[in-house]
>>> print(open('data.tsv').read())   # TSV, C-alpha atoms and all ligand atoms
chain	number	residue	atom	x	y	z
A	12	MET	CA	-78.75	-163.07	-122.15
A	13	LYS	CA	-82.22	-163.95	-123.44
A	14	TYR	CA	-85.04	-161.91	-121.96
A	15	ILE	CA	-88.75	-161.15	-122.34
A	16	GLU	CA	-90.10	-157.58	-122.72
A	17	PRO	CA	-93.47	-158.03	-121.01
A	18	HIS	CA	-94.80	-154.49	-121.59
A	19	GLY	CA	-93.83	-152.79	-124.84
A	20	HIS	CA	-95.92	-150.48	-127.02
A	21	MET	CA	-94.37	-151.52	-130.29
A	22	VAL	CA	-96.89	-149.65	-132.45
A	23	SER	CA	-94.89	-146.57	-131.37
A	24	ARG	CA	-91.58	-148.13	-132.38
A	25	THR	CA	-89.58	-148.50	-135.55
A	26	THR	CA	-88.21	-151.66	-137.11
A	27	ASP	CA	-84.79	-150.44	-135.95
A	28	ASP	CA	-86.06	-150.85	-132.38
A	29	TYR	CA	-87.22	-154.39	-133.12
A	30	GLU	CA	-83.77	-155.14	-134.48
A	31	ARG	CA	-82.01	-153.59	-131.47
A	32	ILE	CA	-84.05	-155.48	-128.86
A	33	SER	CA	-83.62	-158.71	-130.81
A	34	LEU	CA	-79.86	-158.19	-130.90
A	35	ALA	CA	-79.94	-157.50	-127.16
A	36	GLY	CA	-81.58	-160.88	-126.48
A	37	CYS	CA	-85.33	-160.26	-126.57
A	38	VAL	CA	-87.14	-163.46	-127.56
A	39	ALA	CA	-90.74	-162.48	-126.77
A	40	LEU	CA	-92.74	-159.40	-125.88
A	41	SER	CA	-96.25	-158.48	-124.93
A	42	GLU	CA	-98.07	-155.36	-125.98
A	43	PRO	CA	-100.94	-154.06	-123.82
A	44	ALA	CA	-103.62	-151.92	-125.45
A	45	PHE	CA	-103.22	-148.30	-124.35
A	46	TRP	CA	-103.75	-144.64	-125.11
A	47	ALA	CA	-102.52	-143.44	-128.49
A	48	GLY	CA	-101.48	-140.02	-127.15
A	49	PHE	CA	-104.83	-138.63	-128.35
A	50	ASP	CA	-108.46	-139.66	-127.84
A	51	ARG	CA	-109.82	-141.84	-130.63
A	52	SER	CA	-112.93	-140.37	-132.21
A	53	SER	CA	-114.95	-143.58	-132.22
A	54	ALA	CA	-114.94	-147.29	-131.41
A	55	GLN	CA	-113.89	-147.93	-135.02
A	56	GLY	CA	-110.46	-146.58	-134.08
A	57	PHE	CA	-110.17	-149.46	-131.60
A	58	VAL	CA	-111.25	-152.03	-134.20
A	59	ASP	CA	-108.24	-150.98	-136.27
A	60	TYR	CA	-105.94	-150.74	-133.23
A	61	PHE	CA	-106.91	-154.23	-132.01
A	62	ASP	CA	-106.15	-155.57	-135.52
A	63	GLN	CA	-102.81	-153.77	-135.42
A	64	ILE	CA	-101.69	-155.38	-132.14
A	65	THR	CA	-103.15	-158.84	-132.80
A	66	VAL	CA	-102.41	-159.27	-136.51
A	67	TYR	CA	-99.84	-156.81	-137.86
A	68	GLU	CA	-97.36	-156.32	-134.99
A	69	PRO	CA	-96.86	-160.11	-134.60
A	70	MET	CA	-95.80	-160.21	-138.27
A	71	ARG	CA	-93.42	-157.29	-137.80
A	72	ALA	CA	-91.92	-158.87	-134.67
A	73	ALA	CA	-91.54	-162.27	-136.36
A	74	LYS	CA	-89.10	-160.77	-138.86
A	75	TYR	CA	-86.75	-160.25	-135.90
A	76	HIS	CA	-87.45	-163.66	-134.35
A	77	ILE	CA	-89.49	-162.16	-131.52
A	78	GLN	CA	-92.77	-163.75	-130.39
A	79	HIS	CA	-95.40	-161.03	-130.10
A	80	TYR	CA	-98.35	-161.20	-127.67
A	81	SER	CA	-101.00	-158.63	-126.82
A	82	TRP	CA	-103.67	-157.57	-124.33
A	83	LEU	CA	-107.03	-155.94	-125.12
A	84	CYS	CA	-109.01	-153.21	-123.37
A	85	ILE	CA	-109.92	-149.55	-123.46
A	86	ASN	CA	-107.25	-147.79	-121.40
A	87	PRO	CA	-108.23	-145.63	-118.41
A	88	LYS	CA	-107.27	-142.37	-120.13
A	89	GLU	CA	-110.21	-142.84	-122.51
A	90	ALA	CA	-112.56	-144.34	-119.91
A	91	GLU	CA	-114.10	-141.04	-118.81
A	92	ASP	CA	-116.35	-141.31	-121.90
A	93	MET	CA	-118.50	-144.23	-120.73
A	94	VAL	CA	-120.48	-144.55	-123.96
A	95	LEU	CA	-117.29	-145.02	-125.97
A	96	ALA	CA	-115.85	-147.31	-123.28
A	97	ASP	CA	-118.91	-149.58	-123.33
A	98	GLU	CA	-118.78	-149.78	-127.12
A	99	VAL	CA	-115.09	-150.72	-127.04
A	100	ILE	CA	-115.61	-153.32	-124.29
A	101	SER	CA	-118.28	-154.95	-126.45
A	102	LEU	CA	-115.66	-155.43	-129.20
A	103	ILE	CA	-113.35	-157.45	-126.95
A	104	PRO	CA	-114.97	-160.88	-126.35
A	105	GLU	CA	-114.93	-162.04	-129.97
A	106	ARG	CA	-111.25	-161.03	-130.25
A	107	LEU	CA	-110.06	-162.86	-127.12
A	108	SER	CA	-109.61	-166.09	-129.06
A	109	ARG	CA	-107.00	-164.58	-131.37
A	110	PRO	CA	-103.82	-166.60	-131.01
A	111	ASN	CA	-101.58	-163.88	-129.54
A	112	VAL	CA	-104.07	-162.43	-127.01
A	113	LEU	CA	-103.00	-163.16	-123.43
A	114	GLY	CA	-105.76	-161.34	-121.58
A	115	ILE	CA	-107.28	-158.00	-120.59
A	116	GLY	CA	-104.95	-154.99	-120.26
A	117	GLU	CA	-103.65	-152.51	-119.54
A	118	ILE	CA	-106.71	-151.63	-117.51
A	119	GLY	CA	-106.78	-149.56	-114.33
A	120	LEU	CA	-107.13	-145.97	-113.25
A	121	ASN	CA	-105.55	-142.71	-114.38
A	122	LYS	CA	-107.04	-139.83	-112.36
A	123	ASN	CA	-108.96	-142.12	-109.98
A	124	SER	CA	-112.39	-140.93	-111.11
A	125	ARG	CA	-115.77	-142.65	-110.68
A	126	ASN	CA	-116.14	-143.39	-114.39
A	127	GLU	CA	-112.63	-144.82	-114.61
A	128	LEU	CA	-113.44	-147.10	-111.68
A	129	THR	CA	-116.73	-148.23	-113.26
A	130	ILE	CA	-114.94	-149.11	-116.50
A	131	LEU	CA	-112.21	-150.90	-114.55
A	132	GLU	CA	-114.88	-153.00	-112.81
A	133	LYS	CA	-116.44	-153.86	-116.18
A	134	HIS	CA	-113.06	-155.06	-117.46
A	135	ILE	CA	-112.54	-157.13	-114.31
A	136	GLU	CA	-115.95	-158.71	-114.87
A	137	LEU	CA	-115.03	-159.41	-118.50
A	138	ALA	CA	-111.76	-161.06	-117.47
A	139	ALA	CA	-113.50	-163.20	-114.86
A	140	GLU	CA	-116.25	-164.22	-117.26
A	141	HIS	CA	-113.76	-165.31	-119.94
A	142	GLN	CA	-111.06	-166.59	-117.52
A	143	GLN	CA	-108.49	-164.12	-118.80
A	144	LEU	CA	-105.24	-162.91	-117.24
A	145	ILE	CA	-105.20	-159.22	-116.29
A	146	LEU	CA	-102.49	-156.61	-116.78
A	147	VAL	CA	-103.09	-153.47	-114.71
A	148	HIS	CA	-101.75	-149.97	-115.35
A	149	THR	CA	-101.42	-147.97	-112.15
A	150	PRO	CA	-101.62	-144.15	-112.27
A	151	HIS	CA	-98.50	-142.05	-112.25
A	152	LEU	CA	-96.97	-139.60	-109.80
A	153	GLU	CA	-99.31	-138.22	-107.11
A	154	ASP	CA	-102.19	-140.48	-108.22
A	155	LYS	CA	-100.36	-143.82	-107.95
A	156	LEU	CA	-100.81	-144.56	-104.25
A	157	LYS	CA	-104.55	-143.92	-104.20
A	158	GLY	CA	-105.08	-145.56	-107.58
A	159	THR	CA	-103.21	-148.70	-106.58
A	160	ARG	CA	-105.29	-149.05	-103.41
A	161	LEU	CA	-108.59	-148.54	-105.29
A	162	THR	CA	-107.52	-151.02	-107.98
A	163	LEU	CA	-106.49	-153.76	-105.54
A	164	ASP	CA	-109.79	-153.29	-103.68
A	165	ALA	CA	-111.78	-153.60	-106.93
A	166	LEU	CA	-109.90	-156.77	-107.92
A	167	GLU	CA	-110.32	-158.35	-104.49
A	168	ALA	CA	-114.03	-157.51	-104.47
A	169	HIS	CA	-114.60	-159.83	-107.44
A	170	PRO	CA	-114.89	-163.49	-106.38
A	171	GLY	CA	-113.83	-164.69	-109.84
A	172	ILE	CA	-110.38	-163.09	-109.74
A	173	SER	CA	-107.27	-164.85	-108.42
A	174	PRO	CA	-104.43	-162.44	-107.56
A	175	GLU	CA	-101.74	-164.72	-109.02
A	176	ARG	CA	-103.39	-164.19	-112.43
A	177	VAL	CA	-103.09	-160.40	-112.21
A	178	ILE	CA	-100.00	-158.22	-112.71
A	179	ILE	CA	-100.02	-154.73	-111.22
A	180	ASP	CA	-97.64	-152.73	-113.37
A	181	HIS	CA	-95.68	-149.51	-112.76
A	182	VAL	CA	-95.15	-150.23	-109.04
A	183	GLU	CA	-92.74	-148.02	-107.11
A	184	GLU	CA	-91.30	-148.10	-103.61
A	185	HIS	CA	-94.54	-146.91	-101.97
A	186	THR	CA	-96.80	-149.47	-103.71
A	187	ILE	CA	-94.77	-152.64	-104.27
A	188	GLN	CA	-95.20	-154.02	-100.76
A	189	MET	CA	-99.00	-153.88	-100.75
A	190	VAL	CA	-99.17	-155.47	-104.21
A	191	LEU	CA	-96.98	-158.43	-103.24
A	192	ASP	CA	-98.50	-158.79	-99.76
A	193	ARG	CA	-101.95	-159.18	-101.32
A	194	GLY	CA	-100.74	-161.97	-103.63
A	195	PHE	CA	-100.58	-160.09	-106.95
A	196	TRP	CA	-97.67	-159.92	-109.37
A	197	ALA	CA	-95.77	-156.62	-109.54
A	198	GLY	CA	-94.28	-154.98	-112.64
A	199	MET	CA	-91.54	-152.34	-112.51
A	200	THR	CA	-91.51	-149.97	-115.48
A	201	LEU	CA	-88.03	-148.66	-116.19
A	202	TYR	CA	-88.01	-145.12	-117.47
A	203	PRO	CA	-85.34	-142.53	-118.23
A	204	ASP	CA	-87.41	-140.08	-116.17
A	205	SER	CA	-90.76	-139.76	-114.35
A	206	LYS	CA	-91.08	-143.43	-113.34
A	207	CYS	CA	-88.79	-146.02	-111.77
A	208	SER	CA	-85.08	-145.77	-112.64
A	209	ILE	CA	-82.97	-148.86	-113.25
A	210	PRO	CA	-80.90	-148.54	-110.03
A	211	ARG	CA	-84.12	-148.14	-108.01
A	212	ALA	CA	-85.58	-151.25	-109.64
A	213	VAL	CA	-82.50	-153.21	-108.58
A	214	ASP	CA	-82.90	-151.81	-105.06
A	215	MET	CA	-86.50	-153.06	-104.97
A	216	LEU	CA	-85.43	-156.53	-106.11
A	217	GLU	CA	-82.87	-156.61	-103.30
A	218	CYS	CA	-85.41	-155.40	-100.74
A	219	TYR	CA	-88.56	-157.29	-101.78
A	220	GLY	CA	-87.16	-160.43	-103.42
A	221	THR	CA	-87.67	-161.69	-106.95
A	222	GLU	CA	-90.85	-163.71	-106.59
A	223	ARG	CA	-93.83	-162.52	-108.68
A	224	ILE	CA	-91.91	-159.55	-110.12
A	225	TRP	CA	-91.06	-158.52	-113.68
A	226	MET	CA	-89.38	-155.53	-115.28
A	227	ASN	CA	-90.40	-153.78	-118.48
A	228	SER	CA	-89.52	-150.74	-120.55
A	229	ALA	CA	-93.03	-149.65	-121.68
A	230	CYS	CA	-91.25	-148.21	-124.77
A	231	ASP	CA	-94.25	-146.16	-125.79
A	232	TRP	CA	-94.56	-142.93	-127.76
A	233	GLY	CA	-93.18	-140.92	-124.80
A	234	HIS	CA	-89.57	-140.54	-123.69
A	235	SER	CA	-88.67	-144.17	-123.05
A	236	ASN	CA	-85.99	-146.70	-123.92
A	237	PRO	CA	-86.76	-150.05	-125.57
A	238	LEU	CA	-83.39	-151.30	-124.26
A	239	ALA	CA	-84.25	-150.59	-120.62
A	240	VAL	CA	-84.50	-154.28	-119.66
A	241	PRO	CA	-81.07	-155.20	-121.11
A	242	ARG	CA	-79.69	-152.13	-119.38
A	243	ALA	CA	-81.16	-153.44	-116.13
A	244	ILE	CA	-79.44	-156.78	-116.79
A	245	LEU	CA	-76.13	-154.91	-117.00
A	246	GLU	CA	-76.95	-152.99	-113.81
A	247	LEU	CA	-77.75	-156.24	-111.98
A	248	LYS	CA	-74.40	-157.66	-113.08
A	249	ARG	CA	-72.60	-154.51	-111.87
A	250	ARG	CA	-74.35	-154.89	-108.55
A	251	GLY	CA	-72.92	-158.37	-108.10
A	252	HIS	CA	-75.91	-160.56	-108.98
A	253	ASP	CA	-75.26	-163.82	-110.79
A	254	GLU	CA	-76.66	-165.01	-114.12
A	255	ASP	CA	-79.24	-167.40	-112.65
A	256	TYR	CA	-80.65	-164.69	-110.40
A	257	ILE	CA	-80.93	-162.31	-113.35
A	258	GLU	CA	-82.37	-164.80	-115.82
A	259	ASN	CA	-85.03	-165.69	-113.30
A	260	ILE	CA	-86.21	-162.07	-113.23
A	261	VAL	CA	-86.00	-161.15	-116.91
A	262	PHE	CA	-86.99	-164.47	-118.48
A	263	GLU	CA	-88.45	-167.09	-116.13
A	264	ASN	CA	-90.77	-164.76	-114.24
A	265	PRO	CA	-92.57	-163.17	-117.22
A	266	LYS	CA	-92.69	-166.61	-118.86
A	267	ALA	CA	-94.31	-168.09	-115.74
A	268	PHE	CA	-96.92	-165.35	-115.49
A	269	MET	CA	-97.87	-165.25	-119.16
A	270	SER	CA	-97.85	-169.06	-119.51
A	271	GLN	CA	-100.93	-169.08	-117.27
A	272	SER	CA	-102.86	-167.90	-120.34
A	273	GLY	CA	-102.29	-171.24	-122.07
A	274	LYS	CA	-101.26	-169.39	-125.24
A	275	PHE	CA	-97.77	-168.19	-124.41
A	276	ARG	CA	-95.17	-170.26	-126.29
A	277	LEU	CA	-91.49	-169.80	-126.99
B	22	MET	CA	-81.47	-158.13	-98.29
B	23	LYS	CA	-78.01	-156.60	-97.97
B	24	PRO	CA	-76.65	-155.66	-101.42
B	25	PRO	CA	-74.26	-158.37	-102.66
B	26	LEU	CA	-71.69	-155.76	-103.68
B	27	PRO	CA	-69.26	-154.67	-100.91
B	28	ALA	CA	-70.12	-151.24	-99.52
B	29	ASP	CA	-66.97	-149.60	-100.88
B	30	ASP	CA	-67.74	-150.83	-104.39
B	31	LEU	CA	-71.34	-149.62	-104.14
B	32	LEU	CA	-70.08	-146.20	-103.11
B	33	GLU	CA	-67.65	-146.16	-105.99
B	34	LEU	CA	-70.43	-147.10	-108.40
B	35	TYR	CA	-72.93	-144.44	-107.39
B	36	PHE	CA	-71.26	-141.57	-105.52
B	37	ILE	CA	-70.29	-139.29	-108.41
B	38	GLU	CA	-73.62	-139.84	-110.17
B	39	THR	CA	-75.56	-139.09	-106.98
B	40	ARG	CA	-73.46	-135.99	-106.26
B	41	HIS	CA	-74.27	-134.84	-109.80
B	42	LYS	CA	-78.02	-135.34	-109.23
B	43	LEU	CA	-77.91	-133.47	-105.92
B	44	LEU	CA	-76.25	-130.52	-107.65
B	45	ASP	CA	-79.06	-130.60	-110.24
B	46	VAL	CA	-81.58	-130.27	-107.40
B	47	ALA	CA	-79.63	-127.32	-105.98
B	48	ALA	CA	-79.35	-125.68	-109.40
B	49	PHE	CA	-83.07	-126.13	-110.02
B	50	LEU	CA	-83.92	-124.42	-106.72
B	51	ASP	CA	-81.47	-121.57	-107.56
B	52	ARG	CA	-83.03	-121.25	-111.02
B	53	MET	CA	-86.53	-121.00	-109.61
B	54	GLU	CA	-85.41	-118.44	-107.04
B	55	ARG	CA	-83.83	-116.31	-109.78
B	56	SER	CA	-87.07	-116.58	-111.78
B	57	GLY	CA	-89.05	-115.22	-108.85
B	58	GLN	CA	-91.36	-118.27	-108.76
B	59	GLU	CA	-91.38	-119.70	-105.28
B	60	GLU	CA	-95.09	-120.18	-104.63
B	61	ASP	CA	-95.99	-123.10	-106.88
B	62	PHE	CA	-97.39	-126.11	-105.01
B	63	ARG	CA	-95.01	-128.48	-106.79
B	64	LEU	CA	-91.98	-126.44	-105.82
B	65	GLN	CA	-93.21	-126.21	-102.24
B	66	ALA	CA	-93.80	-129.97	-102.12
B	67	LEU	CA	-90.28	-130.54	-103.41
B	68	LYS	CA	-88.75	-128.28	-100.78
B	69	ASP	CA	-90.82	-129.94	-98.07
B	70	ALA	CA	-89.46	-133.34	-99.16
B	71	LEU	CA	-85.83	-132.35	-98.61
B	72	PRO	CA	-85.75	-133.03	-94.82
B	73	LEU	CA	-86.87	-136.61	-95.59
B	74	LEU	CA	-83.44	-137.19	-97.15
B	75	GLN	CA	-81.95	-136.90	-93.67
B	76	GLU	CA	-84.09	-139.66	-92.18
B	77	SER	CA	-82.67	-143.08	-91.44
B	78	GLY	CA	-84.32	-146.48	-91.85
B	79	ALA	CA	-83.57	-147.06	-95.54
B	80	ALA	CA	-87.07	-146.02	-96.62
B	81	ARG	CA	-86.36	-142.49	-97.90
B	82	CYS	CA	-87.57	-143.20	-101.39
B	83	ALA	CA	-90.92	-144.64	-100.27
B	84	ARG	CA	-91.37	-141.78	-97.78
B	85	ILE	CA	-90.75	-139.14	-100.44
B	86	LEU	CA	-93.15	-140.84	-102.87
B	87	GLU	CA	-95.77	-140.91	-100.12
B	88	HIS	CA	-95.09	-137.24	-99.42
B	89	PHE	CA	-95.91	-136.38	-103.06
B	90	SER	CA	-99.03	-138.61	-103.06
B	91	ASP	CA	-102.73	-137.88	-102.91
B	92	HIS	CA	-103.87	-139.50	-99.67
B	93	SER	CA	-107.61	-139.19	-100.25
B	94	GLU	CA	-109.51	-142.46	-100.44
B	95	VAL	CA	-112.64	-142.05	-102.55
B	96	PRO	CA	-112.76	-141.65	-106.34
B	97	ILE	CA	-113.11	-138.09	-107.61
B	98	GLU	CA	-116.31	-137.10	-109.44
B	99	LYS	CA	-114.73	-136.55	-112.86
B	100	ALA	CA	-111.20	-136.67	-114.28
B	101	PRO	CA	-110.06	-133.05	-114.72
B	102	GLY	CA	-107.73	-134.01	-117.56
B	103	LYS	CA	-105.27	-136.80	-118.25
B	104	GLY	CA	-101.97	-135.58	-116.84
B	105	ALA	CA	-100.45	-135.79	-113.39
B	106	ALA	CA	-98.59	-132.90	-111.76
B	107	GLY	CA	-96.17	-134.77	-109.51
B	108	ALA	CA	-97.58	-133.30	-106.30
B	109	VAL	CA	-101.10	-132.81	-105.02
B	110	PRO	CA	-102.47	-129.78	-106.88
B	111	THR	CA	-104.01	-126.81	-105.22
B	112	GLN	CA	-105.03	-125.45	-108.63
B	113	PRO	CA	-106.60	-126.92	-111.79
B	114	ASP	CA	-104.61	-129.69	-113.43
B	115	ASN	CA	-102.45	-128.18	-116.14
B	116	ALA	CA	-99.67	-130.72	-116.33
B	117	ALA	CA	-98.54	-132.36	-119.52
B	118	GLY	CA	-99.87	-135.81	-120.36
B	119	GLU	CA	-98.09	-138.87	-119.08
B	120	SER	CA	-97.66	-141.86	-121.31
B	121	ALA	CA	-97.44	-145.65	-120.83
A	301	ZN	ZN	-98.22	-149.25	-121.08
>>> encode(input="data.tsv", output="structure tokens")
Amino acid sequence: MKYIEPHGHMVSRTTDDYERISLAGCVALSEPAFWAGFDRSSAQGFVDYFDQITVYEPMRAAKYHIQHYSWLCINPKEAEDMVLADEVISLIPERLSRPNVLGIGEIGLNKNSRNELTILEKHIELAAEHQQLILVHTPHLEDKLKGTRLTLDALEAHPGISPERVIIDHVEEHTIQMVLDRGFWAGMTLYPDSKCSIPRAVDMLECYGTERIWMNSACDWGHSNPLAVPRAILELKRRGHDEDYIENIVFENPKAFMSQSGKFRL
Amino acid sequence: MKPPLPADDLLELYFIETRHKLLDVAAFLDRMERSGQEEDFRLQALKDALPLLQESGAARCARILEHFSDHSEVPIEKAPGKGAAGAVPTQPDNAAGESA
């Protein structure tokens, strides 16, 4: 079955992974800007990184017949350093017109600090000013509930932001309801450990419906599985869901959200 | 929504795997007891979550996630590090970094 990987950190992945996801049915993916596993020493590191995800990864993906899209920002894990964050934010506007850039992301909070929130608000302002879609990272583990609430409040406080143009990623059972109730899209990140498991994601689809929801693998430099979405397709089949139901979740939904950018093509 | 799969089939699909995971929880608690470490806030939070498994209402997972969550409402002054511990810390953050 064809599917879209809407949140994959392919800079952390080998060409073997590109081949495997292509063989499994992946036709397009999007790559949010995120933490490299270490703090970059200057804004120049982001100049190179933005080139990597807007110029070089699309060429790598194309060899496997996968359309590659990306999102730009400084991630919340590096947002505590406000001087660096401001410098990086200033790099973004001139790069938003690159053909594979869908919007601002993955922005959000990590430890729910004041500086993180200030940088989040600056990204929201940037997205509103340039009419960009937003992809939000929500904090993990004990910080997710509080961070999700603070993030939704910050988004709703900006008059230029429409919730249907924002995806709140990494939702779990205690945050999905508030995200959907407030009109945002919700992303479920499927992880071998520490985040949402595949059976739990299927449970959430059965409990909360399939409208404004996508699933992704993250497939970053941590313990993660680039084949998580196809594995979820298999799980959905095992659970008795039909092909149309599944294709709607893994293909039509991410296509519908990302098509709002005007740049997403298949 | 009621799962489309008949209840007997659902049980067949998940029972052995879930039994296996429950035994892992038991073995972890035994392991920690043998190690002499029973005071850690994460371990305590985990033990305190166990009664929630016995609740009805099909919201156990959400309730346990809420149990492990920070319920404060205002941003903290400064991020103490990058990692999350999995439960609300009563000591400085020393957890490993989370990705994604
Ligand atoms: Zn990510």
>>> residues_around(input="data.tsv", residues="region 227-238 of chain A", least_positions_apart="4", cutoff="6 Å", atoms="all atoms listed in the file", output="ChimeraX atom specification")
/A:16-20,23,200-202 /B:120-121
>>> interface_residues(input="data.tsv", of="chain A", to="chain B", cutoff="7 Å", atoms="all atoms listed in the file", output="MDAnalysis selection string")
chainID A and resid 88 91 122:125 151:154 156:157 184:185 217:218 229 231 233 250:252
>>> residues_around(input="data.tsv", residues="Ile257 (chain A)", least_positions_apart="5", cutoff="12 Å", atoms="all atoms listed in the file", output="compact mmCIF listing (two decimals) with C-alpha atoms, in the frame of the given file")
# COMPACT_ATOMS: atom_id res chain seq x y z
CA MET A 12 -78.75 -163.07 -122.15
CA LYS A 13 -82.22 -163.95 -123.44
CA TYR A 14 -85.04 -161.91 -121.96
CA ILE A 15 -88.75 -161.15 -122.34
CA VAL A 213 -82.50 -153.21 -108.58
CA LEU A 216 -85.43 -156.53 -106.11
CA GLU A 217 -82.87 -156.61 -103.30
CA GLY A 220 -87.16 -160.43 -103.42
CA THR A 221 -87.67 -161.69 -106.95
CA ILE A 224 -91.91 -159.55 -110.12
CA TRP A 225 -91.06 -158.52 -113.68
CA MET A 226 -89.38 -155.53 -115.28
CA VAL A 240 -84.50 -154.28 -119.66
CA PRO A 241 -81.07 -155.20 -121.11
CA ARG A 242 -79.69 -152.13 -119.38
CA ALA A 243 -81.16 -153.44 -116.13
CA ILE A 244 -79.44 -156.78 -116.79
CA LEU A 245 -76.13 -154.91 -117.00
CA GLU A 246 -76.95 -152.99 -113.81
CA LEU A 247 -77.75 -156.24 -111.98
CA LYS A 248 -74.40 -157.66 -113.08
CA ARG A 249 -72.60 -154.51 -111.87
CA ARG A 250 -74.35 -154.89 -108.55
CA GLY A 251 -72.92 -158.37 -108.10
CA HIS A 252 -75.91 -160.56 -108.98
CA PHE A 262 -86.99 -164.47 -118.48
CA GLU A 263 -88.45 -167.09 -116.13
CA ASN A 264 -90.77 -164.76 -114.24
>>> atom_distance(input="data.tsv", atom1="CA of Ile179 (chain A)", atom2="CA of Leu120 (chain A)")
11.5 Å
>>> closest_residue(input="data.tsv", among="A:Val99, A:Leu277, A:Ile118, A:Ala139", to="ligand ZN 301 (chain A)", atoms="all atoms listed in the file")
A:Ile118
>>> axis_aligned_box(input="data.tsv", around="region 40-53 of chain B", padding_each_side="8 Å", output="JSON")
{"center_x": -80.0, "center_y": -128.5, "center_z": -108.5, "size_x": 29.1, "size_y": 31.0, "size_z": 21.1}
>>> atom_distance(input="data.tsv", atom1="CA of Leu144 (chain A)", atom2="CA of Asp180 (chain A)")
13.3 Å
